[in-house]
file upload01.txt (compact mmCIF, C-alpha atoms (C1' of nucleotides))
# COMPACT_ATOMS: atom_id res chain seq x y z
CA MET A 9 -11.66 6.72 25.91
CA SER A 10 -10.75 10.37 25.52
CA THR A 11 -11.92 11.94 22.30
CA GLU A 12 -9.97 15.19 22.32
CA ASP A 13 -6.29 16.00 22.43
CA THR A 14 -5.55 19.68 22.66
CA GLY A 15 -1.79 19.18 22.41
CA ALA A 16 0.15 22.32 23.34
CA THR A 17 2.12 20.75 26.18
CA LEU A 18 4.99 23.22 26.22
CA GLU A 19 3.51 25.91 28.41
CA GLY A 20 6.82 26.43 30.18
CA GLU A 21 5.54 25.26 33.57
CA LEU A 22 8.15 23.03 35.15
CA ALA A 23 6.00 20.97 37.52
CA LEU A 24 3.45 20.17 34.85
CA THR A 25 3.60 16.56 33.78
CA ALA A 26 1.55 14.41 31.44
CA VAL A 27 -1.65 16.37 31.68
CA GLU A 28 -2.99 15.19 28.36
CA THR A 29 -1.88 11.55 28.33
CA VAL A 30 -2.54 9.57 31.47
CA ASP A 31 0.17 7.20 32.66
CA THR A 32 -1.43 4.01 33.93
CA THR A 33 1.66 1.82 33.95
CA PHE A 34 1.51 0.94 37.64
CA LEU A 35 -2.12 -0.12 37.56
CA GLU A 36 -1.45 -2.16 34.45
CA THR A 37 0.94 -4.41 36.38
CA LEU A 38 -1.95 -5.60 38.57
CA ILE A 39 -4.10 -8.61 37.58
CA GLY A 40 -6.96 -7.22 39.64
CA TYR A 41 -7.04 -4.07 37.50
CA ASN A 42 -6.63 -5.91 34.20
CA ALA A 43 -9.10 -8.67 35.07
CA ARG A 44 -11.66 -6.08 36.12
CA ARG A 45 -11.32 -4.10 32.89
CA THR A 46 -11.61 -7.27 30.83
CA ALA A 47 -14.69 -8.35 32.79
CA LEU A 48 -16.27 -4.92 32.29
CA VAL A 49 -15.70 -5.03 28.52
CA ALA A 50 -17.16 -8.54 28.38
CA ILE A 51 -20.17 -7.62 30.51
CA GLU A 52 -20.83 -4.54 28.39
CA SER A 53 -20.91 -6.63 25.21
CA PHE A 54 -22.96 -9.23 27.00
CA LEU A 55 -25.61 -6.71 28.02
CA ARG A 56 -25.85 -5.44 24.47
CA VAL A 57 -26.00 -8.85 22.79
CA LEU A 58 -28.40 -10.48 25.26
CA GLU A 59 -30.67 -7.46 25.55
CA PRO A 60 -33.13 -8.78 22.94
CA LEU A 61 -33.60 -11.84 25.17
CA ARG A 62 -33.99 -9.61 28.23
CA LEU A 63 -31.24 -11.56 29.94
CA LYS A 64 -28.50 -10.25 32.21
CA PRO A 65 -25.16 -11.99 32.84
CA VAL A 66 -26.17 -13.45 36.21
CA GLU A 67 -29.51 -14.58 34.85
CA PHE A 68 -27.73 -16.32 32.00
CA SER A 69 -25.36 -18.02 34.42
CA VAL A 70 -28.26 -19.22 36.55
CA LEU A 71 -30.22 -20.61 33.59
CA SER A 72 -27.15 -22.24 32.08
CA LEU A 73 -26.21 -23.90 35.38
CA ILE A 74 -29.74 -25.22 35.88
CA GLU A 75 -29.80 -26.53 32.30
CA HIS A 76 -26.53 -28.42 32.79
CA ASN A 77 -27.29 -29.46 36.37
CA PRO A 78 -30.89 -30.59 36.48
CA GLY A 79 -32.13 -30.74 40.05
CA ILE A 80 -29.59 -28.23 41.36
CA THR A 81 -30.64 -26.39 44.53
CA GLN A 82 -30.56 -22.66 45.22
CA ARG A 83 -27.90 -23.23 47.84
CA GLN A 84 -25.69 -24.87 45.22
CA LEU A 85 -26.29 -22.07 42.74
CA CYS A 86 -25.30 -19.57 45.41
CA ALA A 87 -22.07 -21.43 46.13
CA ALA A 88 -21.22 -21.83 42.45
CA LEU A 89 -21.90 -18.22 41.50
CA ASN A 90 -20.96 -16.38 44.67
CA ILE A 91 -24.47 -15.05 45.18
CA LEU A 92 -26.10 -14.59 48.57
CA PRO A 93 -29.32 -16.58 49.08
CA PRO A 94 -31.61 -13.55 49.51
CA ASN A 95 -30.36 -12.11 46.23
CA LEU A 96 -31.01 -15.32 44.31
CA VAL A 97 -34.70 -15.53 45.24
CA GLY A 98 -35.81 -12.80 42.86
CA LEU A 99 -33.67 -14.12 40.01
CA ILE A 100 -35.26 -17.56 40.33
CA GLN A 101 -38.79 -16.17 40.57
CA ARG A 102 -38.31 -14.13 37.42
CA GLN A 103 -37.15 -17.10 35.37
CA GLU A 104 -40.01 -19.14 36.85
CA ARG A 105 -42.53 -16.48 35.84
CA ARG A 106 -41.05 -16.43 32.33
CA GLY A 107 -41.74 -20.14 32.17
CA PHE A 108 -38.09 -21.16 31.74
CA ILE A 109 -37.55 -23.10 34.97
CA GLU A 110 -39.64 -24.98 37.50
CA LYS A 111 -39.18 -26.26 41.03
CA ARG A 112 -39.78 -29.88 41.99
CA PRO A 113 -39.57 -31.38 45.46
CA HIS A 114 -36.08 -32.49 46.36
CA PRO A 115 -35.88 -36.29 46.69
CA ARG A 116 -33.84 -36.31 49.88
CA ASP A 117 -34.34 -32.89 51.52
CA GLY A 118 -37.77 -31.49 52.23
CA ARG A 119 -36.40 -28.04 52.89
CA ALA A 120 -34.92 -27.64 49.42
CA SER A 121 -36.34 -28.02 45.95
CA GLY A 122 -34.63 -29.09 42.75
CA LEU A 123 -34.55 -26.66 39.85
CA TYR A 124 -35.21 -27.81 36.28
CA THR A 125 -35.50 -26.09 32.91
CA THR A 126 -38.84 -26.43 31.12
CA ASP A 127 -39.08 -27.35 27.44
CA GLU A 128 -39.41 -23.66 26.62
CA GLY A 129 -36.50 -22.90 28.97
CA ARG A 130 -34.29 -25.45 27.25
CA SER A 131 -34.72 -23.92 23.81
CA PHE A 132 -34.31 -20.47 25.27
CA VAL A 133 -31.03 -21.41 26.96
CA ALA A 134 -29.84 -22.99 23.71
CA ARG A 135 -30.50 -19.72 21.89
CA ALA A 136 -28.79 -17.69 24.61
CA GLU A 137 -25.76 -19.97 24.67
CA GLU A 138 -25.40 -19.60 20.90
CA LEU A 139 -25.41 -15.81 21.17
CA VAL A 140 -22.92 -15.94 24.05
CA ALA A 141 -20.62 -18.29 22.17
CA ALA A 142 -20.63 -15.92 19.19
CA LEU A 143 -19.94 -12.96 21.46
CA GLU A 144 -17.11 -14.86 23.09
CA ALA A 145 -15.57 -15.51 19.68
CA ARG A 146 -15.61 -11.78 18.90
CA LEU A 147 -14.14 -10.91 22.30
CA VAL A 148 -11.09 -13.12 21.84
CA ALA A 149 -10.82 -12.65 18.08
CA ARG A 150 -7.43 -10.99 18.52
CA LEU A 151 -6.00 -14.07 20.23
CA SER A 152 -4.95 -17.30 18.59
CA PRO A 153 -6.79 -20.47 19.68
CA SER A 154 -3.83 -21.49 21.82
CA GLU A 155 -3.63 -18.03 23.37
CA GLN A 156 -7.33 -18.25 24.17
CA ARG A 157 -6.81 -21.57 25.99
CA THR A 158 -3.80 -20.14 27.82
CA LEU A 159 -5.72 -17.10 28.99
CA LEU A 160 -8.56 -19.16 30.46
CA GLN A 161 -6.14 -21.56 32.14
CA LEU A 162 -4.04 -18.82 33.70
CA LEU A 163 -7.13 -16.99 35.00
CA GLN A 164 -8.46 -20.20 36.51
CA ARG A 165 -5.16 -20.95 38.21
CA VAL A 166 -5.28 -17.53 39.84
CA TYR A 167 -8.81 -17.61 41.17
CA ARG A 168 -8.66 -21.29 42.12
CA SER A 169 -5.49 -20.99 44.15
CA PRO A 170 -6.37 -21.31 47.85
CA SER A 171 -5.63 -18.72 50.50
CA VAL A 172 -5.05 -15.66 48.39
CA MET B 8 -16.80 -23.01 48.18
CA SER B 9 -19.04 -25.77 49.49
CA THR B 10 -17.97 -27.21 52.80
CA GLU B 11 -20.17 -30.30 53.00
CA ASP B 12 -20.53 -33.36 50.84
CA THR B 13 -23.27 -35.71 51.87
CA GLY B 14 -22.42 -38.29 49.24
CA ALA B 15 -25.11 -40.93 48.77
CA THR B 16 -25.69 -40.26 45.09
CA LEU B 17 -27.20 -43.62 44.18
CA GLU B 18 -30.81 -43.02 45.17
CA GLY B 19 -32.11 -44.86 42.14
CA GLU B 20 -33.76 -41.76 40.61
CA LEU B 21 -33.10 -41.77 36.90
CA ALA B 22 -33.53 -38.06 36.09
CA LEU B 23 -31.33 -37.00 38.98
CA THR B 24 -28.01 -35.63 37.79
CA ALA B 25 -25.04 -34.08 39.51
CA VAL B 26 -26.93 -32.73 42.47
CA GLU B 27 -23.92 -32.67 44.72
CA THR B 28 -21.21 -31.55 42.30
CA VAL B 29 -22.02 -28.59 40.10
CA ASP B 30 -20.93 -28.74 36.47
CA THR B 31 -19.69 -25.29 35.43
CA THR B 32 -17.86 -26.33 32.27
CA PHE B 33 -19.82 -24.08 29.91
CA LEU B 34 -19.34 -20.95 32.00
CA GLU B 35 -15.65 -21.76 32.33
CA THR B 36 -15.21 -21.39 28.57
CA LEU B 37 -16.12 -17.69 28.83
CA ILE B 38 -13.49 -15.01 29.48
CA GLY B 39 -16.15 -12.79 30.97
CA TYR B 40 -16.90 -15.37 33.64
CA ASN B 41 -13.26 -16.19 34.34
CA ALA B 42 -12.11 -12.57 34.33
CA ARG B 43 -14.91 -11.63 36.71
CA ARG B 44 -14.05 -14.41 39.15
CA THR B 45 -10.40 -13.44 39.06
CA ALA B 46 -11.25 -9.79 39.63
CA LEU B 47 -13.48 -10.73 42.57
CA VAL B 48 -10.72 -12.80 44.21
CA ALA B 49 -8.26 -9.94 43.71
CA ILE B 50 -10.67 -7.32 45.04
CA GLU B 51 -11.44 -9.46 48.08
CA SER B 52 -7.75 -9.72 48.94
CA PHE B 53 -7.33 -6.07 48.20
CA LEU B 54 -10.07 -5.05 50.62
CA ARG B 55 -8.51 -7.19 53.35
CA VAL B 56 -4.93 -6.02 52.82
CA LEU B 57 -5.70 -2.33 52.37
CA GLU B 58 -8.26 -2.19 55.16
CA PRO B 59 -5.73 -0.89 57.72
CA LEU B 60 -5.15 2.08 55.41
CA ARG B 61 -8.92 2.55 55.01
CA LEU B 62 -8.48 2.42 51.26
CA LYS B 63 -10.74 0.77 48.69
CA PRO B 64 -9.64 -0.37 45.22
CA VAL B 65 -11.03 2.66 43.39
CA GLU B 66 -9.57 5.03 45.96
CA PHE B 67 -6.18 3.40 45.52
CA SER B 68 -6.45 3.72 41.74
CA VAL B 69 -7.34 7.39 42.05
CA LEU B 70 -4.46 8.18 44.41
CA SER B 71 -1.98 6.18 42.37
CA LEU B 72 -3.00 7.89 39.14
CA ILE B 73 -2.72 11.35 40.72
CA GLU B 74 0.69 10.44 42.14
CA HIS B 75 2.00 9.35 38.74
CA ASN B 76 0.18 12.06 36.81
CA PRO B 77 0.59 15.30 38.76
CA GLY B 78 -1.90 17.88 37.56
CA ILE B 79 -4.37 15.33 36.21
CA THR B 80 -7.97 16.55 36.01
CA GLN B 81 -11.12 14.84 37.24
CA ARG B 82 -12.30 14.44 33.69
CA GLN B 83 -9.09 12.54 32.86
CA LEU B 84 -9.43 10.35 35.93
CA CYS B 85 -12.97 9.51 34.89
CA ALA B 86 -11.85 8.54 31.40
CA ALA B 87 -8.93 6.47 32.65
CA LEU B 88 -10.90 4.60 35.31
CA ASN B 89 -14.34 4.39 33.70
CA ILE B 90 -15.95 6.41 36.46
CA LEU B 91 -18.76 8.89 35.91
CA PRO B 92 -18.00 12.47 36.97
CA PRO B 93 -20.67 12.69 39.68
CA ASN B 94 -19.34 9.54 41.30
CA LEU B 95 -15.78 10.82 41.38
CA VAL B 96 -16.59 13.98 43.33
CA GLY B 97 -16.99 12.22 46.67
CA LEU B 98 -13.88 10.10 46.16
CA ILE B 99 -11.79 13.20 45.54
CA GLN B 100 -13.26 15.09 48.48
CA ARG B 101 -12.51 12.21 50.83
CA GLN B 102 -8.84 12.05 49.83
CA GLU B 103 -8.68 15.83 50.07
CA ARG B 104 -10.09 15.75 53.60
CA ARG B 105 -7.56 13.06 54.54
CA GLY B 106 -4.86 15.48 53.43
CA PHE B 107 -3.52 13.23 50.68
CA ILE B 108 -4.31 15.34 47.64
CA GLU B 109 -4.90 18.99 46.81
CA LYS B 110 -6.39 20.96 43.96
CA ARG B 111 -4.53 23.76 42.20
CA PRO B 112 -5.83 26.00 39.44
CA HIS B 113 -5.35 24.51 36.02
CA PRO B 114 -2.85 26.53 33.97
CA ARG B 115 -4.88 26.51 30.76
CA ASP B 116 -8.47 25.80 31.74
CA GLY B 117 -10.29 27.83 34.36
CA ARG B 118 -13.10 25.30 34.59
CA ALA B 119 -10.85 22.48 35.70
CA SER B 120 -8.31 22.13 38.46
CA GLY B 121 -5.17 20.02 38.54
CA LEU B 122 -4.88 17.34 41.21
CA TYR B 123 -1.64 16.78 43.13
CA THR B 124 -0.56 14.55 45.99
CA THR B 125 0.63 16.30 49.14
CA ASP B 126 3.84 15.29 50.95
CA GLU B 127 1.74 13.19 53.29
CA GLY B 128 -0.17 11.78 50.33
CA ARG B 129 3.03 10.79 48.59
CA SER B 130 4.32 8.70 51.48
CA PHE B 131 0.85 7.23 51.95
CA VAL B 132 0.65 6.17 48.29
CA ALA B 133 4.13 4.67 48.55
CA ARG B 134 3.03 2.57 51.52
CA ALA B 135 -0.16 1.52 49.74
CA GLU B 136 1.69 0.59 46.56
CA GLU B 137 4.09 -1.58 48.57
CA LEU B 138 1.19 -3.47 50.14
CA VAL B 139 -0.47 -3.85 46.76
CA ALA B 140 2.71 -5.11 45.13
CA ALA B 141 3.09 -7.72 47.88
CA LEU B 142 -0.53 -8.75 47.48
CA GLU B 143 -0.06 -9.01 43.73
CA ALA B 144 2.90 -11.33 44.26
CA ARG B 145 0.78 -13.65 46.41
CA LEU B 146 -2.07 -13.61 43.89
CA VAL B 147 0.09 -14.81 41.03
CA ALA B 148 2.40 -16.97 43.13
CA ARG B 149 1.22 -20.08 41.27
CA LEU B 150 2.35 -18.64 37.94
CA SER B 151 5.89 -18.42 36.62
CA PRO B 152 7.21 -14.92 35.86
CA SER B 153 6.72 -15.51 32.15
CA GLU B 154 3.19 -16.79 32.72
CA GLN B 155 2.47 -13.66 34.75
CA ARG B 156 3.60 -11.46 31.89
CA THR B 157 1.58 -13.52 29.42
CA LEU B 158 -1.58 -13.24 31.50
CA LEU B 159 -1.39 -9.45 31.73
CA GLN B 160 -0.64 -9.12 28.01
CA LEU B 161 -3.50 -11.36 26.94
CA LEU B 162 -5.97 -9.54 29.20
CA GLN B 163 -4.85 -6.20 27.82
CA ARG B 164 -5.20 -7.39 24.24
CA VAL B 165 -8.79 -8.38 24.99
CA TYR B 166 -9.97 -5.21 26.67
CA ARG B 167 -8.02 -2.92 24.36
CA SER B 168 -9.36 -4.41 21.17
CA PRO B 169 -11.78 -1.94 19.58
CA SER B 170 -15.40 -2.61 18.80
CA VAL B 171 -16.07 -5.64 20.93
C1' DT C 13 -22.62 26.01 21.89
C1' DA C 14 -19.76 22.65 24.44
C1' DT C 15 -17.28 21.13 28.56
C1' DT C 16 -15.65 20.81 33.77
C1' DG C 17 -17.09 20.10 38.01
C1' DT C 18 -20.98 19.77 41.00
C1' DT C 19 -25.65 18.65 43.34
C1' DA C 20 -29.55 15.92 43.71
C1' DT C 21 -31.53 11.78 42.86
C1' DA C 22 -32.83 7.26 41.04
C1' DC C 23 -31.67 2.67 40.13
C1' DT C 24 -29.19 -1.57 40.69
C1' DC C 25 -26.26 -4.66 43.23
C1' DT C 26 -24.76 -6.56 47.37
C1' DA C 27 -25.13 -7.43 52.38
C1' DT C 28 -27.43 -8.35 57.06
C1' DA C 29 -31.16 -9.75 60.29
C1' DA C 30 -34.73 -12.50 61.20
C1' DC C 31 -38.31 -15.78 60.19
C1' DT C 32 -40.41 -20.79 58.56
C1' DA C 33 -40.02 -25.37 57.71
C1' DT C 34 -37.52 -29.06 57.62
C1' DA C 35 -33.14 -31.87 58.95
C1' DT D 27 -29.00 -27.24 66.89
C1' DA D 28 -28.18 -26.36 62.06
C1' DT D 29 -29.58 -25.57 57.22
C1' DA D 30 -32.68 -24.20 52.79
C1' DG D 31 -35.39 -20.88 51.35
C1' DT D 32 -37.65 -16.58 52.13
C1' DT D 33 -38.84 -11.59 53.50
C1' DA D 34 -37.61 -7.07 54.61
C1' DT D 35 -34.31 -3.78 54.57
C1' DA D 36 -29.89 -1.40 54.64
C1' DG D 37 -25.89 -0.03 52.25
C1' DA D 38 -22.70 0.43 48.32
C1' DG D 39 -22.11 1.16 43.56
C1' DT D 40 -23.61 3.10 39.26
C1' DA D 41 -26.69 5.95 36.41
C1' DT D 42 -29.25 10.31 34.57
C1' DA D 43 -30.77 15.29 34.77
C1' DA D 44 -29.78 19.77 35.57
C1' DC D 45 -27.03 23.72 36.94
C1' DA D 46 -22.91 27.31 37.38
C1' DA D 47 -18.63 28.66 35.66
C1' DT D 48 -15.66 28.75 31.93
C1' DA D 49 -14.14 27.57 27.13
call {"tool": "encode", "arguments": {"input": "upload01.txt", "output": "structure tokens"}}
result
Amino acid sequence: MSTEDTGATLEGELALTAVETVDTTFLETLIGYNARRTALVAIESFLRVLEPLRLKPVEFSVLSLIEHNPGITQRQLCAALNILPPNLVGLIQRQERRGFIEKRPHPRDGRASGLYTTDEGRSFVARAEELVAALEARLVARLSPSEQRTLLQLLQRVYRSPSV
Amino acid sequence: MSTEDTGATLEGELALTAVETVDTTFLETLIGYNARRTALVAIESFLRVLEPLRLKPVEFSVLSLIEHNPGITQRQLCAALNILPPNLVGLIQRQERRGFIEKRPHPRDGRASGLYTTDEGRSFVARAEELVAALEARLVARLSPSEQRTLLQLLQRVYRSPSV
DNA sequence: TATTGTTATACTCTATAACTATA
DNA sequence: TATAGTTATAGAGTATAACAATA
């Protein structure tokens, strides 16, 4: 992250410690810290790779979930993605305006509507998922296939464990 | 996340799929998604546990880094924590006002100042780090010690790999 | 000329209150 | 009475531009 290194540490001041190299060992023992940094790196790449499609991570998640769960409701999307209902409204409208999804009346609940991808939306999601899969491969390129599986499993066991 | 389950899936509608249970299998293959969810769970617990100390995750990181890197500059903190300089100013001022840190003139650079914890700050950080360590233990309670080490190592290999 | 710390400010993300229409 | 979706809005987090002091 730092681009310079002026060296010259021996100024003779006793109390002076590690002013050039930052010691982050304590923070690095915390999954919260490490998970956050990993997520930030992934999101950064994501933004770059999906920029040509004008698609942000949450928007991708929403489209992908609708594609694989035809008829899903906004309430279900909120629960699955940890989004608050008011903040989902705009996301849905945008994808609707782009012609990628459409609402149809819900068969059993007049308050809700089911969300579906359009033909155009389906091919768009397919393209996006390809780009994301390729990005994913680059992200974990340093890990062996078994290490990749292990990492996902361990993360899931942490965030799925109840009452943390 | 969902608390209800109305059942009654066999309505006879052909196109209706998985309206009650959401299929997230594609998203769950992505480290970005899994790392983010893990980070969110950790941050949630963090906010709850550190609330009595009126300390947020970033504030803890800042204090902890100053404690373990006496004389660190704001520029170094920014680089280490991925914070932009203007956004660090307020964080520093708040911890200064609480009497936990102090600025001293930098020995070699008149533009910068070195940051140090005060006596009060040191005992405060110690208390905070204890709480965080206990929280960490609960977060990874479902993993064996060797799995815990593996998880941290794999995460670090992902976010440290260059040019993702 | 470049960099540290700072102010002001804009933009995005997330959260809360309140409404409507259905259940 | 409670819930799905919506509007309006507040607040937190993150970003850029510009400046003074120092390198």
call {"tool": "residues_around", "arguments": {"input": "upload01.txt", "residues": "B:Glu74", "least_positions_apart": "2", "cutoff": "7 Å", "atoms": "all atoms listed in the file", "output": "PDB file with C-alpha atoms, in the frame of the given file"}}
result
ATOM      1  CA  LEU B  70      -4.460   8.180  44.410  1.00  0.00           C
ATOM      2  CA  SER B  71      -1.980   6.180  42.370  1.00  0.00           C
ATOM      3  CA  LEU B  72      -3.000   7.890  39.140  1.00  0.00           C
ATOM      4  CA  ASN B  76       0.180  12.060  36.810  1.00  0.00           C
ATOM      5  CA  PRO B  77       0.590  15.300  38.760  1.00  0.00           C
ATOM      6  CA  TYR B 123      -1.640  16.780  43.130  1.00  0.00           C
ATOM      7  CA  THR B 124      -0.560  14.550  45.990  1.00  0.00           C
ATOM      8  CA  ARG B 129       3.030  10.790  48.590  1.00  0.00           C
TER       9      ARG B 129
END
call {"tool": "interface_residues", "arguments": {"input": "upload01.txt", "of": "chain C", "to": "chain B", "cutoff": "12 Å", "atoms": "all atoms listed in the file", "output": "number ranges by chain"}}
result
C: 15-21
call {"tool": "closest_residue", "arguments": {"input": "upload01.txt", "among": "A:Cys86, A:Leu139, A:Leu38, A:Ala149", "to": "chain D", "atoms": "only C-alpha atoms (C1' of nucleotides)"}}
result
A:Cys86
call {"tool": "calpha_fit_and_write", "arguments": {"input": "upload01.txt", "fixed": "chain B", "moving": "chain A", "output": "compact mmCIF listing (two decimals) with C-alpha atoms, in the frame of the given file"}}
result
# COMPACT_ATOMS: atom_id res chain seq x y z
CA MET A 9 -16.89 -23.11 48.26
CA SER A 10 -19.14 -25.89 49.51
CA THR A 11 -18.11 -27.35 52.83
CA GLU A 12 -20.27 -30.47 52.95
CA ASP A 13 -20.60 -33.48 50.70
CA THR A 14 -23.31 -35.87 51.74
CA GLY A 15 -22.45 -38.39 49.03
CA ALA A 16 -25.16 -41.03 48.60
CA THR A 17 -25.85 -40.31 44.94
CA LEU A 18 -27.38 -43.66 44.05
CA GLU A 19 -30.95 -43.04 45.10
CA GLY A 20 -32.26 -44.88 42.05
CA GLU A 21 -33.91 -41.80 40.53
CA LEU A 22 -33.19 -41.75 36.82
CA ALA A 23 -33.57 -38.04 36.05
CA LEU A 24 -31.36 -37.01 38.94
CA THR A 25 -28.03 -35.68 37.78
CA ALA A 26 -25.05 -34.13 39.52
CA VAL A 27 -26.90 -32.78 42.51
CA GLU A 28 -23.86 -32.71 44.74
CA THR A 29 -21.15 -31.57 42.32
CA VAL A 30 -21.99 -28.62 40.14
CA ASP A 31 -20.90 -28.74 36.51
CA THR A 32 -19.65 -25.32 35.46
CA THR A 33 -17.84 -26.35 32.30
CA PHE A 34 -19.80 -24.10 29.95
CA LEU A 35 -19.31 -20.98 32.04
CA GLU A 36 -15.63 -21.78 32.36
CA THR A 37 -15.16 -21.41 28.60
CA LEU A 38 -16.10 -17.72 28.85
CA ILE A 39 -13.45 -15.03 29.52
CA GLY A 40 -16.13 -12.79 31.00
CA TYR A 41 -16.89 -15.39 33.68
CA ASN A 42 -13.24 -16.20 34.39
CA ALA A 43 -12.10 -12.57 34.36
CA ARG A 44 -14.91 -11.65 36.74
CA ARG A 45 -14.03 -14.41 39.20
CA THR A 46 -10.37 -13.45 39.10
CA ALA A 47 -11.24 -9.79 39.66
CA LEU A 48 -13.47 -10.72 42.60
CA VAL A 49 -10.71 -12.78 44.25
CA ALA A 50 -8.25 -9.93 43.73
CA ILE A 51 -10.65 -7.30 45.06
CA GLU A 52 -11.42 -9.44 48.11
CA SER A 53 -7.73 -9.71 48.97
CA PHE A 54 -7.30 -6.05 48.22
CA LEU A 55 -10.04 -5.04 50.64
CA ARG A 56 -8.49 -7.16 53.36
CA VAL A 57 -4.91 -5.99 52.84
CA LEU A 58 -5.68 -2.29 52.39
CA GLU A 59 -8.23 -2.15 55.19
CA PRO A 60 -5.69 -0.88 57.74
CA LEU A 61 -5.11 2.11 55.43
CA ARG A 62 -8.87 2.58 55.03
CA LEU A 63 -8.43 2.44 51.28
CA LYS A 64 -10.70 0.82 48.71
CA PRO A 65 -9.61 -0.35 45.24
CA VAL A 66 -11.01 2.68 43.41
CA GLU A 67 -9.55 5.05 45.97
CA PHE A 68 -6.17 3.41 45.52
CA SER A 69 -6.44 3.73 41.75
CA VAL A 70 -7.32 7.40 42.03
CA LEU A 71 -4.44 8.20 44.40
CA SER A 72 -1.96 6.19 42.36
CA LEU A 73 -3.00 7.91 39.12
CA ILE A 74 -2.72 11.36 40.69
CA GLU A 75 0.70 10.47 42.12
CA HIS A 76 2.00 9.37 38.71
CA ASN A 77 0.17 12.09 36.78
CA PRO A 78 0.58 15.31 38.70
CA GLY A 79 -1.91 17.90 37.52
CA ILE A 80 -4.38 15.34 36.17
CA THR A 81 -7.99 16.55 35.98
CA GLN A 82 -11.12 14.82 37.25
CA ARG A 83 -12.31 14.41 33.69
CA GLN A 84 -9.12 12.52 32.86
CA LEU A 85 -9.44 10.33 35.93
CA CYS A 86 -12.99 9.50 34.90
CA ALA A 87 -11.88 8.52 31.41
CA ALA A 88 -8.96 6.45 32.67
CA LEU A 89 -10.92 4.58 35.32
CA ASN A 90 -14.36 4.37 33.75
CA ILE A 91 -15.97 6.39 36.52
CA LEU A 92 -18.81 8.85 35.98
CA PRO A 93 -18.03 12.44 37.03
CA PRO A 94 -20.69 12.65 39.77
CA ASN A 95 -19.32 9.50 41.38
CA LEU A 96 -15.75 10.81 41.42
CA VAL A 97 -16.58 13.98 43.38
CA GLY A 98 -16.96 12.23 46.72
CA LEU A 99 -13.84 10.11 46.21
CA ILE A 100 -11.76 13.23 45.56
CA GLN A 101 -13.23 15.11 48.52
CA ARG A 102 -12.44 12.25 50.87
CA GLN A 103 -8.79 12.08 49.84
CA GLU A 104 -8.63 15.88 50.07
CA ARG A 105 -10.04 15.80 53.60
CA ARG A 106 -7.50 13.12 54.54
CA GLY A 107 -4.81 15.52 53.41
CA PHE A 108 -3.46 13.27 50.65
CA ILE A 109 -4.28 15.38 47.60
CA GLU A 110 -4.89 19.03 46.79
CA LYS A 111 -6.40 20.98 43.92
CA ARG A 112 -4.55 23.78 42.15
CA PRO A 113 -5.88 26.01 39.40
CA HIS A 114 -5.41 24.52 35.96
CA PRO A 115 -2.92 26.55 33.90
CA ARG A 116 -4.95 26.56 30.71
CA ASP A 117 -8.57 25.83 31.71
CA GLY A 118 -10.36 27.86 34.34
CA ARG A 119 -13.16 25.34 34.60
CA ALA A 120 -10.89 22.49 35.68
CA SER A 121 -8.33 22.13 38.41
CA GLY A 122 -5.19 20.03 38.51
CA LEU A 123 -4.89 17.36 41.18
CA TYR A 124 -1.64 16.82 43.09
CA THR A 125 -0.54 14.58 45.95
CA THR A 126 0.66 16.33 49.11
CA ASP A 127 3.86 15.32 50.89
CA GLU A 128 1.77 13.22 53.26
CA GLY A 129 -0.15 11.80 50.29
CA ARG A 130 3.06 10.81 48.54
CA SER A 131 4.33 8.73 51.44
CA PHE A 132 0.90 7.26 51.93
CA VAL A 133 0.68 6.19 48.28
CA ALA A 134 4.17 4.71 48.53
CA ARG A 135 3.05 2.61 51.50
CA ALA A 136 -0.13 1.54 49.73
CA GLU A 137 1.71 0.62 46.54
CA GLU A 138 4.11 -1.54 48.55
CA LEU A 139 1.22 -3.44 50.14
CA VAL A 140 -0.47 -3.83 46.76
CA ALA A 141 2.72 -5.08 45.13
CA ALA A 142 3.11 -7.69 47.87
CA LEU A 143 -0.52 -8.73 47.48
CA GLU A 144 -0.06 -8.99 43.74
CA ALA A 145 2.92 -11.29 44.27
CA ARG A 146 0.81 -13.61 46.43
CA LEU A 147 -2.05 -13.58 43.92
CA VAL A 148 0.11 -14.78 41.05
CA ALA A 149 2.42 -16.93 43.16
CA ARG A 150 1.23 -20.04 41.32
CA LEU A 151 2.36 -18.64 37.97
CA SER A 152 5.89 -18.41 36.67
CA PRO A 153 7.22 -14.91 35.90
CA SER A 154 6.72 -15.50 32.19
CA GLU A 155 3.20 -16.79 32.77
CA GLN A 156 2.47 -13.67 34.80
CA ARG A 157 3.61 -11.44 31.91
CA THR A 158 1.58 -13.52 29.45
CA LEU A 159 -1.57 -13.24 31.53
CA LEU A 160 -1.38 -9.45 31.75
CA GLN A 161 -0.63 -9.13 28.03
CA LEU A 162 -3.48 -11.38 26.96
CA LEU A 163 -5.96 -9.57 29.23
CA GLN A 164 -4.85 -6.22 27.84
CA ARG A 165 -5.21 -7.40 24.26
CA VAL A 166 -8.79 -8.40 25.01
CA TYR A 167 -9.97 -5.23 26.69
CA ARG A 168 -8.00 -2.95 24.37
CA SER A 169 -9.35 -4.44 21.18
CA PRO A 170 -11.78 -1.97 19.59
CA SER A 171 -15.40 -2.67 18.79
CA VAL A 172 -16.06 -5.68 20.96
call {"tool": "interface_residues", "arguments": {"input": "upload01.txt", "of": "chain A", "to": "chain B", "cutoff": "7 Å", "atoms": "only C-alpha atoms", "output": "JSON, numbers by chain"}}
result
{"A": [9, 10, 24, 25, 26, 27, 30, 31, 32, 38, 39, 40, 42, 43, 44, 45, 46, 47, 49, 50, 51, 53, 73, 76, 77, 78, 79, 80, 87, 144, 146, 147, 148, 159, 160, 162, 163, 164, 166, 167, 172]}
call {"tool": "atom_distance", "arguments": {"input": "upload01.txt", "atom1": "atom CA of A:Glu128", "atom2": "atom CA of A:Gly107"}}
result
7.0 Å
